[in-house]
>>> print(open('entry.cif').read())   # mmCIF, C-alpha atoms
data_protein
loop_
_atom_site.group_PDB
_atom_site.id
_atom_site.type_symbol
_atom_site.label_atom_id
_atom_site.label_comp_id
_atom_site.auth_asym_id
_atom_site.auth_seq_id
_atom_site.Cartn_x
_atom_site.Cartn_y
_atom_site.Cartn_z
ATOM 1 C CA MET H 20 -40.141 -148.909 -126.813
ATOM 2 C CA ARG H 21 -41.238 -149.815 -130.369
ATOM 3 C CA ARG H 22 -39.821 -146.531 -131.627
ATOM 4 C CA LEU H 23 -36.443 -147.373 -130.112
ATOM 5 C CA LEU H 24 -36.151 -150.828 -131.653
ATOM 6 C CA PRO H 25 -35.254 -149.746 -135.231
ATOM 7 C CA ALA H 26 -32.554 -147.410 -133.922
ATOM 8 C CA LEU H 27 -31.112 -150.059 -131.630
ATOM 9 C CA PHE H 28 -31.173 -152.609 -134.439
ATOM 10 C CA ALA H 29 -29.378 -150.186 -136.763
ATOM 11 C CA LEU H 30 -26.719 -149.532 -134.114
ATOM 12 C CA ALA H 31 -26.145 -153.246 -133.685
ATOM 13 C CA LEU H 32 -25.473 -153.541 -137.407
ATOM 14 C CA LEU H 33 -22.732 -150.913 -137.375
ATOM 15 C CA PRO H 34 -19.212 -152.264 -137.809
ATOM 16 C CA ALA H 35 -17.094 -152.225 -134.663
ATOM 17 C CA ALA H 36 -14.915 -149.387 -135.970
ATOM 18 C CA ALA H 37 -18.008 -147.192 -136.386
ATOM 19 C CA ARG H 38 -18.947 -147.456 -132.721
ATOM 20 C CA ALA H 39 -16.706 -145.162 -130.743
ATOM 21 C CA ASP H 40 -15.300 -147.023 -127.750
ATOM 22 C CA VAL H 41 -13.090 -144.910 -125.506
ATOM 23 C CA ASP H 42 -12.194 -147.696 -123.111
ATOM 24 C CA GLU H 43 -11.281 -149.994 -125.978
ATOM 25 C CA PHE H 44 -8.917 -147.321 -127.230
ATOM 26 C CA THR H 45 -7.316 -146.510 -123.866
ATOM 27 C CA ALA H 46 -6.730 -150.199 -123.161
ATOM 28 C CA ALA H 47 -5.017 -150.581 -126.527
ATOM 29 C CA ALA H 48 -3.032 -147.361 -126.154
ATOM 30 C CA ARG H 49 -1.805 -148.334 -122.712
ATOM 31 C CA SER H 50 -0.129 -151.388 -124.228
ATOM 32 C CA LEU H 51 1.618 -149.520 -127.057
ATOM 33 C CA ALA H 52 5.382 -149.649 -127.159
ATOM 34 C CA ALA H 53 7.136 -146.353 -126.552
ATOM 35 C CA ASP H 54 9.641 -144.997 -129.041
ATOM 36 C CA ALA H 55 12.950 -146.254 -127.689
ATOM 37 C CA ASP H 56 15.012 -143.618 -129.478
ATOM 38 C CA THR H 57 13.645 -140.090 -129.572
ATOM 39 C CA GLY H 58 16.889 -138.260 -130.211
ATOM 40 C CA PRO H 59 18.377 -135.405 -128.184
ATOM 41 C CA LEU H 60 16.267 -133.246 -125.892
ATOM 42 C CA THR H 61 15.069 -129.927 -127.285
ATOM 43 C CA ASN H 62 17.765 -127.415 -126.353
ATOM 44 C CA GLY H 63 19.159 -130.097 -124.030
ATOM 45 C CA LEU H 64 16.530 -129.262 -121.398
ATOM 46 C CA HIS H 65 13.697 -130.911 -119.497
ATOM 47 C CA TYR H 66 10.677 -128.635 -120.009
ATOM 48 C CA PHE H 67 8.852 -129.510 -116.805
ATOM 49 C CA ALA H 68 6.552 -126.509 -117.273
ATOM 50 C CA SER H 69 5.324 -124.754 -120.377
ATOM 51 C CA ASN H 70 6.115 -121.093 -120.965
ATOM 52 C CA GLU H 71 2.997 -120.528 -123.059
ATOM 53 C CA ARG H 72 1.166 -118.155 -120.747
ATOM 54 C CA ASP H 73 -1.620 -116.982 -123.050
ATOM 55 C CA LEU H 74 -3.593 -120.189 -123.535
ATOM 56 C CA ASP H 75 -6.674 -118.228 -122.484
ATOM 57 C CA LEU H 76 -6.657 -116.790 -126.019
ATOM 58 C CA VAL H 77 -7.809 -120.135 -127.440
ATOM 59 C CA ALA H 78 -10.174 -121.181 -124.647
ATOM 60 C CA ASP H 79 -13.313 -120.223 -126.558
ATOM 61 C CA ALA H 80 -12.073 -121.916 -129.738
ATOM 62 C CA VAL H 81 -11.575 -125.282 -128.010
ATOM 63 C CA GLN H 82 -14.533 -125.005 -125.624
ATOM 64 C CA ASP H 83 -16.503 -128.263 -125.389
ATOM 65 C CA THR H 84 -15.015 -129.697 -128.571
ATOM 66 C CA GLY H 85 -14.975 -133.100 -126.892
ATOM 67 C CA GLU H 86 -13.489 -136.128 -128.606
ATOM 68 C CA VAL H 87 -9.856 -137.056 -127.924
ATOM 69 C CA VAL H 88 -7.174 -134.483 -127.153
ATOM 70 C CA VAL H 89 -3.661 -135.429 -128.284
ATOM 71 C CA ALA H 90 -1.010 -133.156 -126.824
ATOM 72 C CA VAL H 91 2.722 -132.746 -126.421
ATOM 73 C CA ALA H 92 4.516 -131.063 -123.491
ATOM 74 C CA ALA H 93 3.880 -131.091 -119.756
ATOM 75 C CA ASP H 94 0.878 -129.101 -118.489
ATOM 76 C CA PRO H 95 -1.041 -127.576 -121.473
ATOM 77 C CA GLY H 96 -2.716 -130.864 -122.393
ATOM 78 C CA TYR H 97 -4.574 -130.927 -119.077
ATOM 79 C CA ILE H 98 -5.641 -127.286 -119.363
ATOM 80 C CA LEU H 99 -6.901 -127.741 -122.919
ATOM 81 C CA ALA H 100 -8.621 -131.063 -122.151
ATOM 82 C CA ALA H 101 -10.557 -129.377 -119.341
ATOM 83 C CA TRP H 102 -11.894 -126.657 -121.635
ATOM 84 C CA ALA H 103 -12.557 -129.165 -124.408
ATOM 85 C CA ASP H 104 -14.361 -131.627 -122.112
ATOM 86 C CA ALA H 105 -12.307 -134.354 -123.770
ATOM 87 C CA ARG H 106 -13.378 -137.984 -123.810
ATOM 88 C CA ALA H 107 -9.740 -139.061 -123.481
ATOM 89 C CA LEU H 108 -6.334 -137.397 -123.289
ATOM 90 C CA VAL H 109 -3.194 -138.732 -124.974
ATOM 91 C CA LEU H 110 0.057 -137.099 -123.887
ATOM 92 C CA ILE H 111 3.090 -137.701 -126.111
ATOM 93 C CA ASP H 112 6.575 -136.398 -125.434
ATOM 94 C CA LEU H 113 10.051 -137.303 -126.604
ATOM 95 C CA ASP H 114 11.499 -136.648 -123.122
ATOM 96 C CA PRO H 115 11.095 -139.629 -120.774
ATOM 97 C CA ALA H 116 11.294 -137.224 -117.816
ATOM 98 C CA ILE H 117 8.079 -135.545 -118.987
ATOM 99 C CA VAL H 118 6.407 -138.928 -119.397
ATOM 100 C CA ALA H 119 7.433 -139.651 -115.793
ATOM 101 C CA LEU H 120 6.047 -136.265 -114.737
ATOM 102 C CA HIS H 121 2.676 -137.287 -116.165
ATOM 103 C CA ARG H 122 2.689 -140.223 -113.722
ATOM 104 C CA ILE H 123 2.978 -137.679 -110.927
ATOM 105 C CA TYR H 124 0.129 -135.637 -112.361
ATOM 106 C CA ALA H 125 -1.980 -138.795 -112.507
ATOM 107 C CA ALA H 126 -1.282 -139.596 -108.849
ATOM 108 C CA PHE H 127 -2.176 -136.054 -107.778
ATOM 109 C CA PHE H 128 -5.350 -135.826 -109.869
ATOM 110 C CA ALA H 129 -6.481 -139.184 -108.521
ATOM 111 C CA ALA H 130 -5.902 -138.162 -104.903
ATOM 112 C CA ALA H 131 -6.900 -134.482 -104.818
ATOM 113 C CA PRO H 132 -10.667 -133.841 -104.685
ATOM 114 C CA GLY H 133 -10.423 -130.316 -106.085
ATOM 115 C CA PRO H 134 -8.140 -127.669 -107.565
ATOM 116 C CA ALA H 135 -7.076 -126.219 -104.194
ATOM 117 C CA GLU H 136 -5.955 -129.606 -102.885
ATOM 118 C CA PHE H 137 -4.185 -130.384 -106.161
ATOM 119 C CA SER H 138 -2.330 -127.063 -106.149
ATOM 120 C CA ARG H 139 -1.295 -127.550 -102.521
ATOM 121 C CA LEU H 140 0.573 -130.743 -103.442
ATOM 122 C CA TRP H 141 3.068 -128.652 -105.415
ATOM 123 C CA THR H 142 3.822 -126.350 -102.465
ATOM 124 C CA PRO H 143 5.955 -126.811 -99.329
ATOM 125 C CA ALA H 144 2.734 -127.065 -97.301
ATOM 126 C CA GLY H 145 1.754 -130.236 -99.151
ATOM 127 C CA GLU H 146 5.221 -131.755 -99.408
ATOM 128 C CA ALA H 147 4.746 -134.713 -97.055
ATOM 129 C CA GLU H 148 1.540 -135.876 -98.723
ATOM 130 C CA ALA H 149 2.962 -135.253 -102.191
ATOM 131 C CA LEU H 150 6.098 -137.278 -101.539
ATOM 132 C CA ALA H 151 4.029 -140.169 -100.204
ATOM 133 C CA LEU H 152 1.851 -140.172 -103.314
ATOM 134 C CA VAL H 153 4.826 -139.971 -105.663
ATOM 135 C CA GLU H 154 6.754 -142.731 -103.921
ATOM 136 C CA ALA H 155 3.710 -144.995 -104.023
ATOM 137 C CA ALA H 156 3.305 -144.273 -107.730
ATOM 138 C CA GLY H 157 6.888 -144.901 -108.770
ATOM 139 C CA GLY H 158 9.432 -145.203 -105.992
ATOM 140 C CA GLU H 159 12.647 -143.240 -105.615
ATOM 141 C CA ALA H 160 13.150 -142.644 -109.329
ATOM 142 C CA LEU H 161 9.820 -140.837 -109.553
ATOM 143 C CA VAL H 162 10.587 -138.907 -106.363
ATOM 144 C CA GLU H 163 13.746 -137.592 -108.061
ATOM 145 C CA THR H 164 11.647 -136.393 -110.999
ATOM 146 C CA PHE H 165 9.210 -134.689 -108.634
ATOM 147 C CA VAL H 166 11.951 -132.911 -106.711
ATOM 148 C CA ALA H 167 13.470 -131.658 -109.970
ATOM 149 C CA ALA H 168 10.150 -130.579 -111.488
ATOM 150 C CA ARG H 169 8.298 -129.131 -108.499
ATOM 151 C CA PRO H 170 9.805 -125.586 -108.481
ATOM 152 C CA ALA H 171 9.027 -125.039 -112.171
ATOM 153 C CA VAL H 172 5.535 -126.529 -111.925
ATOM 154 C CA ALA H 173 4.645 -124.560 -108.774
ATOM 155 C CA ARG H 174 5.862 -121.340 -110.381
ATOM 156 C CA ARG H 175 3.961 -122.103 -113.582
ATOM 157 C CA PHE H 176 0.652 -122.687 -111.813
ATOM 158 C CA ALA H 177 1.051 -119.583 -109.664
ATOM 159 C CA GLU H 178 1.764 -117.441 -112.721
ATOM 160 C CA LEU H 179 -1.103 -118.970 -114.689
ATOM 161 C CA GLY H 180 -3.451 -118.436 -111.779
ATOM 162 C CA ARG H 181 -2.664 -114.729 -111.693
ATOM 163 C CA HIS H 182 -2.861 -114.420 -115.464
ATOM 164 C CA MET H 183 -6.180 -116.256 -115.839
ATOM 165 C CA ALA H 184 -7.680 -114.221 -112.996
ATOM 166 C CA SER H 185 -6.585 -110.984 -114.670
ATOM 167 C CA LYS H 186 -8.364 -112.106 -117.851
ATOM 168 C CA GLY H 187 -11.467 -113.317 -116.039
ATOM 169 C CA ARG H 188 -10.946 -116.785 -117.469
ATOM 170 C CA ALA H 189 -11.975 -119.917 -115.595
ATOM 171 C CA TRP H 190 -9.423 -122.682 -116.021
ATOM 172 C CA LEU H 191 -8.365 -126.073 -114.737
ATOM 173 C CA LEU H 192 -7.159 -124.902 -111.318
ATOM 174 C CA SER H 193 -9.807 -122.276 -110.616
ATOM 175 C CA ASP H 194 -13.018 -124.046 -111.587
ATOM 176 C CA PRO H 195 -14.131 -127.255 -109.802
ATOM 177 C CA THR H 196 -16.134 -128.366 -112.834
ATOM 178 C CA LEU H 197 -13.165 -128.041 -115.177
ATOM 179 C CA TYR H 198 -10.921 -129.772 -112.643
ATOM 180 C CA ALA H 199 -13.421 -132.614 -112.263
ATOM 181 C CA ARG H 200 -13.327 -133.234 -115.995
ATOM 182 C CA VAL H 201 -9.603 -133.992 -115.984
ATOM 183 C CA ALA H 202 -9.575 -135.760 -112.632
ATOM 184 C CA GLY H 203 -12.445 -137.902 -113.906
ATOM 185 C CA LEU H 204 -10.447 -138.872 -116.995
ATOM 186 C CA VAL H 205 -7.507 -139.874 -114.810
ATOM 187 C CA ARG H 206 -9.667 -141.940 -112.456
ATOM 188 C CA ALA H 207 -11.326 -143.658 -115.424
ATOM 189 C CA ASN H 208 -7.890 -144.539 -116.884
ATOM 190 C CA ARG H 209 -8.585 -142.334 -119.885
ATOM 191 C CA VAL H 210 -5.315 -140.390 -119.726
ATOM 192 C CA ILE H 211 -2.416 -142.054 -121.540
ATOM 193 C CA ALA H 212 1.190 -140.794 -121.421
ATOM 194 C CA LEU H 213 3.646 -142.158 -123.974
ATOM 195 C CA ARG H 214 7.199 -141.466 -125.015
ATOM 196 C CA GLY H 215 7.031 -140.647 -128.681
ATOM 197 C CA ASP H 216 8.549 -138.563 -131.445
ATOM 198 C CA PHE H 217 6.326 -137.006 -134.113
ATOM 199 C CA THR H 218 9.206 -137.093 -136.614
ATOM 200 C CA ARG H 219 9.718 -140.859 -136.413
ATOM 201 C CA ALA H 220 7.722 -143.951 -137.283
ATOM 202 C CA GLY H 221 6.398 -145.723 -134.217
ATOM 203 C CA THR H 222 4.302 -144.555 -131.305
ATOM 204 C CA VAL H 223 2.420 -141.663 -132.924
ATOM 205 C CA ARG H 224 1.363 -143.793 -135.861
ATOM 206 C CA ALA H 225 0.275 -146.573 -133.501
ATOM 207 C CA VAL H 226 -1.868 -144.096 -131.567
ATOM 208 C CA GLY H 227 -3.592 -143.106 -134.802
ATOM 209 C CA GLU H 228 -4.261 -146.745 -135.664
ATOM 210 C CA ALA H 229 -5.704 -147.415 -132.199
ATOM 211 C CA LEU H 230 -7.966 -144.358 -132.447
ATOM 212 C CA ARG H 231 -9.294 -145.443 -135.826
ATOM 213 C CA ALA H 232 -9.830 -149.019 -134.665
ATOM 214 C CA ALA H 233 -11.959 -147.732 -131.788
ATOM 215 C CA GLY H 234 -13.954 -145.397 -134.025
ATOM 216 C CA LEU H 235 -12.639 -142.259 -132.334
ATOM 217 C CA ARG H 236 -11.358 -138.995 -133.756
ATOM 218 C CA VAL H 237 -9.002 -136.296 -132.546
ATOM 219 C CA GLY H 238 -10.937 -133.204 -131.521
ATOM 220 C CA LEU H 239 -7.766 -131.245 -130.774
ATOM 221 C CA LEU H 240 -4.133 -131.879 -131.658
ATOM 222 C CA TYR H 241 -1.830 -129.616 -129.639
ATOM 223 C CA LEU H 242 1.722 -129.455 -131.011
ATOM 224 C CA SER H 243 3.063 -126.504 -128.995
ATOM 225 C CA ASN H 244 6.091 -125.160 -130.895
ATOM 226 C CA ILE H 245 7.747 -128.481 -131.782
ATOM 227 C CA GLU H 246 7.466 -127.784 -135.527
ATOM 228 C CA GLN H 247 9.899 -124.886 -135.361
ATOM 229 C CA TYR H 248 12.698 -127.365 -134.620
ATOM 230 C CA PHE H 249 12.461 -129.578 -137.709
ATOM 231 C CA LEU H 250 11.601 -129.761 -141.378
ATOM 232 C CA TYR H 251 8.789 -132.143 -142.229
ATOM 233 C CA THR H 252 10.089 -135.686 -142.607
ATOM 234 C CA PRO H 253 8.244 -138.476 -144.454
ATOM 235 C CA GLU H 254 7.585 -140.026 -141.042
ATOM 236 C CA PHE H 255 6.075 -136.799 -139.713
ATOM 237 C CA ARG H 256 3.813 -136.527 -142.761
ATOM 238 C CA GLN H 257 2.696 -140.134 -142.314
ATOM 239 C CA ASN H 258 2.044 -139.613 -138.600
ATOM 240 C CA VAL H 259 -0.133 -136.585 -139.366
ATOM 241 C CA GLN H 260 -2.082 -138.494 -142.023
ATOM 242 C CA GLY H 261 -2.575 -141.411 -139.646
ATOM 243 C CA LEU H 262 -4.393 -139.390 -136.999
ATOM 244 C CA PRO H 263 -8.184 -139.178 -137.466
ATOM 245 C CA LEU H 264 -8.268 -135.382 -137.604
ATOM 246 C CA ALA H 265 -11.304 -134.794 -139.830
ATOM 247 C CA GLY H 266 -13.639 -132.442 -137.987
ATOM 248 C CA GLY H 267 -10.976 -131.624 -135.399
ATOM 249 C CA GLN H 268 -8.494 -128.812 -135.136
ATOM 250 C CA VAL H 269 -4.795 -128.269 -134.592
ATOM 251 C CA LEU H 270 -3.253 -125.798 -132.165
ATOM 252 C CA ARG H 271 0.405 -124.916 -132.376
ATOM 253 C CA THR H 272 2.549 -121.964 -131.324
ATOM 254 C CA LEU H 273 5.440 -120.052 -132.828
ATOM 255 C CA PRO H 274 7.636 -117.491 -131.056
ATOM 256 C CA GLY H 275 6.840 -113.849 -131.633
ATOM 257 C CA ARG H 276 7.691 -110.376 -130.396
ATOM 258 C CA PRO H 277 7.576 -109.146 -127.693
ATOM 259 C CA ALA H 278 8.665 -112.329 -125.903
ATOM 260 C CA GLY H 279 5.869 -114.824 -126.167
ATOM 261 C CA PHE H 280 4.021 -116.877 -128.752
ATOM 262 C CA GLU H 281 1.500 -116.591 -131.522
ATOM 263 C CA TYR H 282 -1.253 -119.191 -131.138
ATOM 264 C CA ILE H 283 -2.120 -120.774 -134.481
ATOM 265 C CA LEU H 284 -5.370 -122.654 -135.072
ATOM 266 C CA GLN H 285 -6.024 -124.769 -138.160
ATOM 267 C CA GLN H 286 -8.651 -127.246 -139.228
ATOM 268 C CA GLY H 287 -7.334 -130.784 -138.898
ATOM 269 C CA ALA H 288 -8.171 -131.859 -142.448
ATOM 270 C CA ASP H 289 -6.585 -128.692 -143.818
ATOM 271 C CA PHE H 290 -3.377 -129.416 -141.918
ATOM 272 C CA GLN H 291 -3.314 -132.935 -143.332
ATOM 273 C CA ALA H 292 -3.741 -131.589 -146.860
ATOM 274 C CA TRP H 293 -0.841 -129.163 -146.404
ATOM 275 C CA ALA H 294 1.375 -131.723 -144.679
ATOM 276 C CA GLN H 295 1.043 -134.326 -147.432
ATOM 277 C CA ASN H 296 2.354 -131.860 -150.032
ATOM 278 C CA PRO H 297 6.126 -132.402 -150.499
ATOM 279 C CA LYS H 298 6.524 -128.711 -151.353
ATOM 280 C CA VAL H 299 5.485 -127.854 -147.789
ATOM 281 C CA ARG H 300 8.596 -128.454 -145.721
ATOM 282 C CA SER H 301 7.772 -126.581 -142.531
ATOM 283 C CA VAL H 302 5.098 -124.984 -140.392
ATOM 284 C CA TYR H 303 6.235 -121.553 -141.574
ATOM 285 C CA ARG H 304 4.902 -122.299 -145.077
ATOM 286 C CA ILE H 305 1.542 -123.216 -143.587
ATOM 287 C CA ARG H 306 1.492 -120.099 -141.443
ATOM 288 C CA GLY H 307 2.295 -117.918 -144.453
ATOM 289 C CA PHE H 308 5.503 -116.698 -142.878
ATOM 290 C CA ILE H 309 7.575 -114.441 -145.116
ATOM 291 C CA LYS H 310 11.357 -114.410 -144.754
ATOM 292 C CA GLY H 311 12.369 -111.439 -142.637
ATOM 293 C CA GLU H 312 8.912 -111.093 -141.094
ATOM 294 C CA HIS H 313 8.416 -111.541 -137.381
ATOM 295 C CA LEU H 314 5.256 -112.759 -135.694
ATOM 296 C CA VAL H 315 3.457 -110.726 -133.090
ATOM 297 C CA SER H 316 3.087 -112.613 -129.828
ATOM 298 C CA ARG H 317 0.031 -112.974 -127.616
ATOM 299 C CA ARG H 318 -2.480 -113.172 -130.398
ATOM 300 C CA VAL H 319 -4.360 -115.879 -132.317
ATOM 301 C CA HIS H 320 -3.906 -116.600 -136.010
ATOM 302 C CA VAL H 321 -6.445 -118.839 -137.746
ATOM 303 C CA VAL H 322 -5.174 -120.551 -140.895
ATOM 304 C CA ASP H 323 -7.673 -119.925 -143.676
ATOM 305 C CA PRO H 324 -8.692 -123.302 -145.164
ATOM 306 C CA GLY H 325 -9.507 -121.500 -148.409
ATOM 307 C CA ARG H 326 -5.952 -120.236 -148.882
ATOM 308 C CA PRO H 327 -4.406 -121.803 -152.014
ATOM 309 C CA ARG H 328 -1.896 -124.542 -151.322
ATOM 310 C CA PRO H 329 1.324 -124.961 -153.305
#
>>> encode(input="entry.cif", output="structure tokens")
Amino acid sequence: MRRLLPALFALALLPAAARADVDEFTAAARSLAADADTGPLTNGLHYFASNERDLDLVADAVQDTGEVVVAVAADPGYILAAWADARALVLIDLDPAIVALHRIYAAFFAAAPGPAEFSRLWTPAGEAEALALVEAAGGEALVETFVAARPAVARRFAELGRHMASKGRAWLLSDPTLYARVAGLVRANRVIALRGDFTRAGTVRAVGEALRAAGLRVGLLYLSNIEQYFLYTPEFRQNVQGLPLAGGQVLRTLPGRPAGFEYILQQGADFQAWAQNPKVRSVYRIRGFIKGEHLVSRRVHVVDPGRPRP
């Protein structure tokens, strides 16, 4: 006991921001205001399911990274958080329909004891139970979202299941331990879904402030392919700088040939250094993309932190 006393005394002297408090953060994040104006939908569509099939390529890179996962889009955040064994999951999307879809995910993760039961809720066999859960979570409006999203989500999980099995990769809906990680986050209120736009001042910056106040850092920032649709704005640069990314990593995708995506990994601090440079106007400069070149899909590219910046 005497040996423990100096360590406990030292911990007590740490400032509040130095003591990571996940529940403090999630309580603060849950009260954040959503971005009221997030502009037009990407391609005018609701992306209820991701089309990034080859996430298995980055599974080892994100394995057990822990910390907080911040992710855009519908389903990849859950898959990545399971591999990462995240302490919390923050889901940000500019489409309010996707934010509503995350409420459905939360209801299903909370109710389903394992991956088989969760998957069943997206099929005709589980329709009655699913509809009851969705209506209890959000009434008729949420039921409409579920009806619209279910075909795409069911197809996505079926395709991913076949793909992951062919690669011998355990994932969220094949491994009870991985499933329990995400379901546990949901049941502990450590999954936050917010409407936000990375190119505007508001929600994303507030998330960064709440993370720093709680002494937490981002272990993985997943941006999907959102960066291909805009040039870096001052607000985007400030949002990136505001996230506590030191020691974490960034995962994004860019379309390649044949049809599919290249999966691009970069150290978080390196991304921040590139993003704060006004000469860097897009993700293609960071990737080292040459005009006229095309990327090769279904492979991983790691951005070299030693590569000279402009």
>>> resolve_selection(input="entry.cif", expression="the PyMOL selection byres ((chain H and resi 74) around 12)", output="PyMOL selection string")
chain H and resi 69-73+75-81+94-99+102+179-180+182-183+186+188-191+241+243+270-272+279-284+316-319
>>> residues_around(input="entry.cif", residues="Ala92 (chain H)", least_positions_apart="3", cutoff="12 Å", atoms="all atoms listed in the file", output="PyMOL selection string")
chain H and resi 61+65-71+89+95-99+109-121+212-216+240-245+271
>>> atom_distance(input="entry.cif", atom1="CA of Glu163 (chain H)", atom2="CA of Tyr124 (chain H)")
14.4 Å
>>> residues_around(input="entry.cif", residues="Tyr198 (chain H)", least_positions_apart="4", cutoff="9 Å", atoms="all atoms listed in the file", output="ChimeraX atom specification")
/H:98,101,128,132-134,190-194,202-203
>>> residues_around(input="entry.cif", residues="Arg300 (chain H)", least_positions_apart="3", cutoff="12 Å", atoms="all atoms listed in the file", output="list in words")
Glu246, Gln247, Tyr248, Phe249, Leu250, Tyr251, Thr252, Pro253, Phe255, Arg256, Trp293, Ala294, Gln295, Asn296, Pro297, Tyr303, Arg304, Ile305, Arg306 and Pro329 of chain H
>>> write_last_selection(input="entry.cif", atoms="C-alpha atoms", output="short mmCIF file (atom, residue, chain, number, x, y, z; two decimals), keeping the file's coordinate frame")
data_model
loop_
_atom_site.label_atom_id
_atom_site.label_comp_id
_atom_site.auth_asym_id
_atom_site.auth_seq_id
_atom_site.Cartn_x
_atom_site.Cartn_y
_atom_site.Cartn_z
CA GLU H 246 7.47 -127.78 -135.53
CA GLN H 247 9.90 -124.89 -135.36
CA TYR H 248 12.70 -127.36 -134.62
CA PHE H 249 12.46 -129.58 -137.71
CA LEU H 250 11.60 -129.76 -141.38
CA TYR H 251 8.79 -132.14 -142.23
CA THR H 252 10.09 -135.69 -142.61
CA PRO H 253 8.24 -138.48 -144.45
CA PHE H 255 6.08 -136.80 -139.71
CA ARG H 256 3.81 -136.53 -142.76
CA TRP H 293 -0.84 -129.16 -146.40
CA ALA H 294 1.38 -131.72 -144.68
CA GLN H 295 1.04 -134.33 -147.43
CA ASN H 296 2.35 -131.86 -150.03
CA PRO H 297 6.13 -132.40 -150.50
CA TYR H 303 6.24 -121.55 -141.57
CA ARG H 304 4.90 -122.30 -145.08
CA ILE H 305 1.54 -123.22 -143.59
CA ARG H 306 1.49 -120.10 -141.44
CA PRO H 329 1.32 -124.96 -153.30
#
>>> atom_distance(input="entry.cif", atom1="CA of Ala131 (chain H)", atom2="CA of Ile211 (chain H)")
18.9 Å
>>> residues_around(input="entry.cif", residues="Val41 (chain H)", least_positions_apart="4", cutoff="10 Å", atoms="only C-alpha atoms", output="mmCIF file with C-alpha atoms, in the coordinates of the input")
data_model
loop_
_atom_site.group_PDB
_atom_site.id
_atom_site.type_symbol
_atom_site.label_atom_id
_atom_site.label_comp_id
_atom_site.auth_asym_id
_atom_site.auth_seq_id
_atom_site.Cartn_x
_atom_site.Cartn_y
_atom_site.Cartn_z
ATOM 1 C CA THR H 45 -7.316 -146.510 -123.866
ATOM 2 C CA ALA H 46 -6.730 -150.199 -123.161
ATOM 3 C CA ALA H 47 -5.017 -150.581 -126.527
ATOM 4 C CA GLU H 86 -13.489 -136.128 -128.606
ATOM 5 C CA VAL H 87 -9.856 -137.056 -127.924
ATOM 6 C CA ARG H 106 -13.378 -137.984 -123.810
ATOM 7 C CA ALA H 107 -9.740 -139.061 -123.481
ATOM 8 C CA ARG H 209 -8.585 -142.334 -119.885
ATOM 9 C CA LEU H 230 -7.966 -144.358 -132.447
ATOM 10 C CA ALA H 233 -11.959 -147.732 -131.788
ATOM 11 C CA GLY H 234 -13.954 -145.397 -134.025
ATOM 12 C CA LEU H 235 -12.639 -142.259 -132.334
#
>>> resolve_selection(input="entry.cif", expression="the PyMOL selection byres ((chain H and resi 162) around 12)", output="MDAnalysis selection string")
chainID H and resid 116 119:120 122:123 146:147 149:161 163:169
>>> atom_distance(input="entry.cif", atom1="CA of Gly187 (chain H)", atom2="CA of Phe137 (chain H)")
21.0 Å
>>> decode(input="entry.cif", residues="region 192-200 of chain H", atoms="N, CA, C and O atoms", output="short mmCIF file (atom, residue, chain, number, x, y, z; two decimals), in the first residue's frame")
data_model
loop_
_atom_site.label_atom_id
_atom_site.label_comp_id
_atom_site.auth_asym_id
_atom_site.auth_seq_id
_atom_site.Cartn_x
_atom_site.Cartn_y
_atom_site.Cartn_z
N LEU H 192 -19.30 -8.49 -37.36
CA LEU H 192 -20.47 -9.36 -37.39
C LEU H 192 -20.11 -10.84 -37.57
O LEU H 192 -20.97 -11.64 -37.94
N SER H 193 -18.86 -11.18 -37.30
CA SER H 193 -18.49 -12.60 -37.29
C SER H 193 -17.88 -13.03 -35.98
O SER H 193 -17.84 -14.23 -35.68
N ASP H 194 -17.42 -12.08 -35.19
CA ASP H 194 -16.68 -12.38 -33.97
C ASP H 194 -17.42 -11.81 -32.75
O ASP H 194 -17.56 -10.59 -32.64
N PRO H 195 -17.87 -12.67 -31.84
CA PRO H 195 -18.61 -12.17 -30.67
C PRO H 195 -17.82 -11.17 -29.82
O PRO H 195 -18.41 -10.25 -29.24
N THR H 196 -16.50 -11.35 -29.75
CA THR H 196 -15.70 -10.42 -28.96
C THR H 196 -15.67 -9.04 -29.59
O THR H 196 -15.81 -8.02 -28.90
N LEU H 197 -15.49 -8.99 -30.91
CA LEU H 197 -15.50 -7.71 -31.61
C LEU H 197 -16.88 -7.05 -31.52
O LEU H 197 -16.99 -5.84 -31.30
N TYR H 198 -17.93 -7.86 -31.66
CA TYR H 198 -19.28 -7.32 -31.55
C TYR H 198 -19.50 -6.75 -30.15
O TYR H 198 -20.08 -5.65 -29.99
N ALA H 199 -19.05 -7.47 -29.14
CA ALA H 199 -19.27 -7.03 -27.76
C ALA H 199 -18.59 -5.71 -27.48
O ALA H 199 -19.07 -4.92 -26.65
N ARG H 200 -17.48 -5.44 -28.16
CA ARG H 200 -16.82 -4.15 -27.96
C ARG H 200 -17.73 -3.00 -28.35
O ARG H 200 -17.86 -2.02 -27.62
#
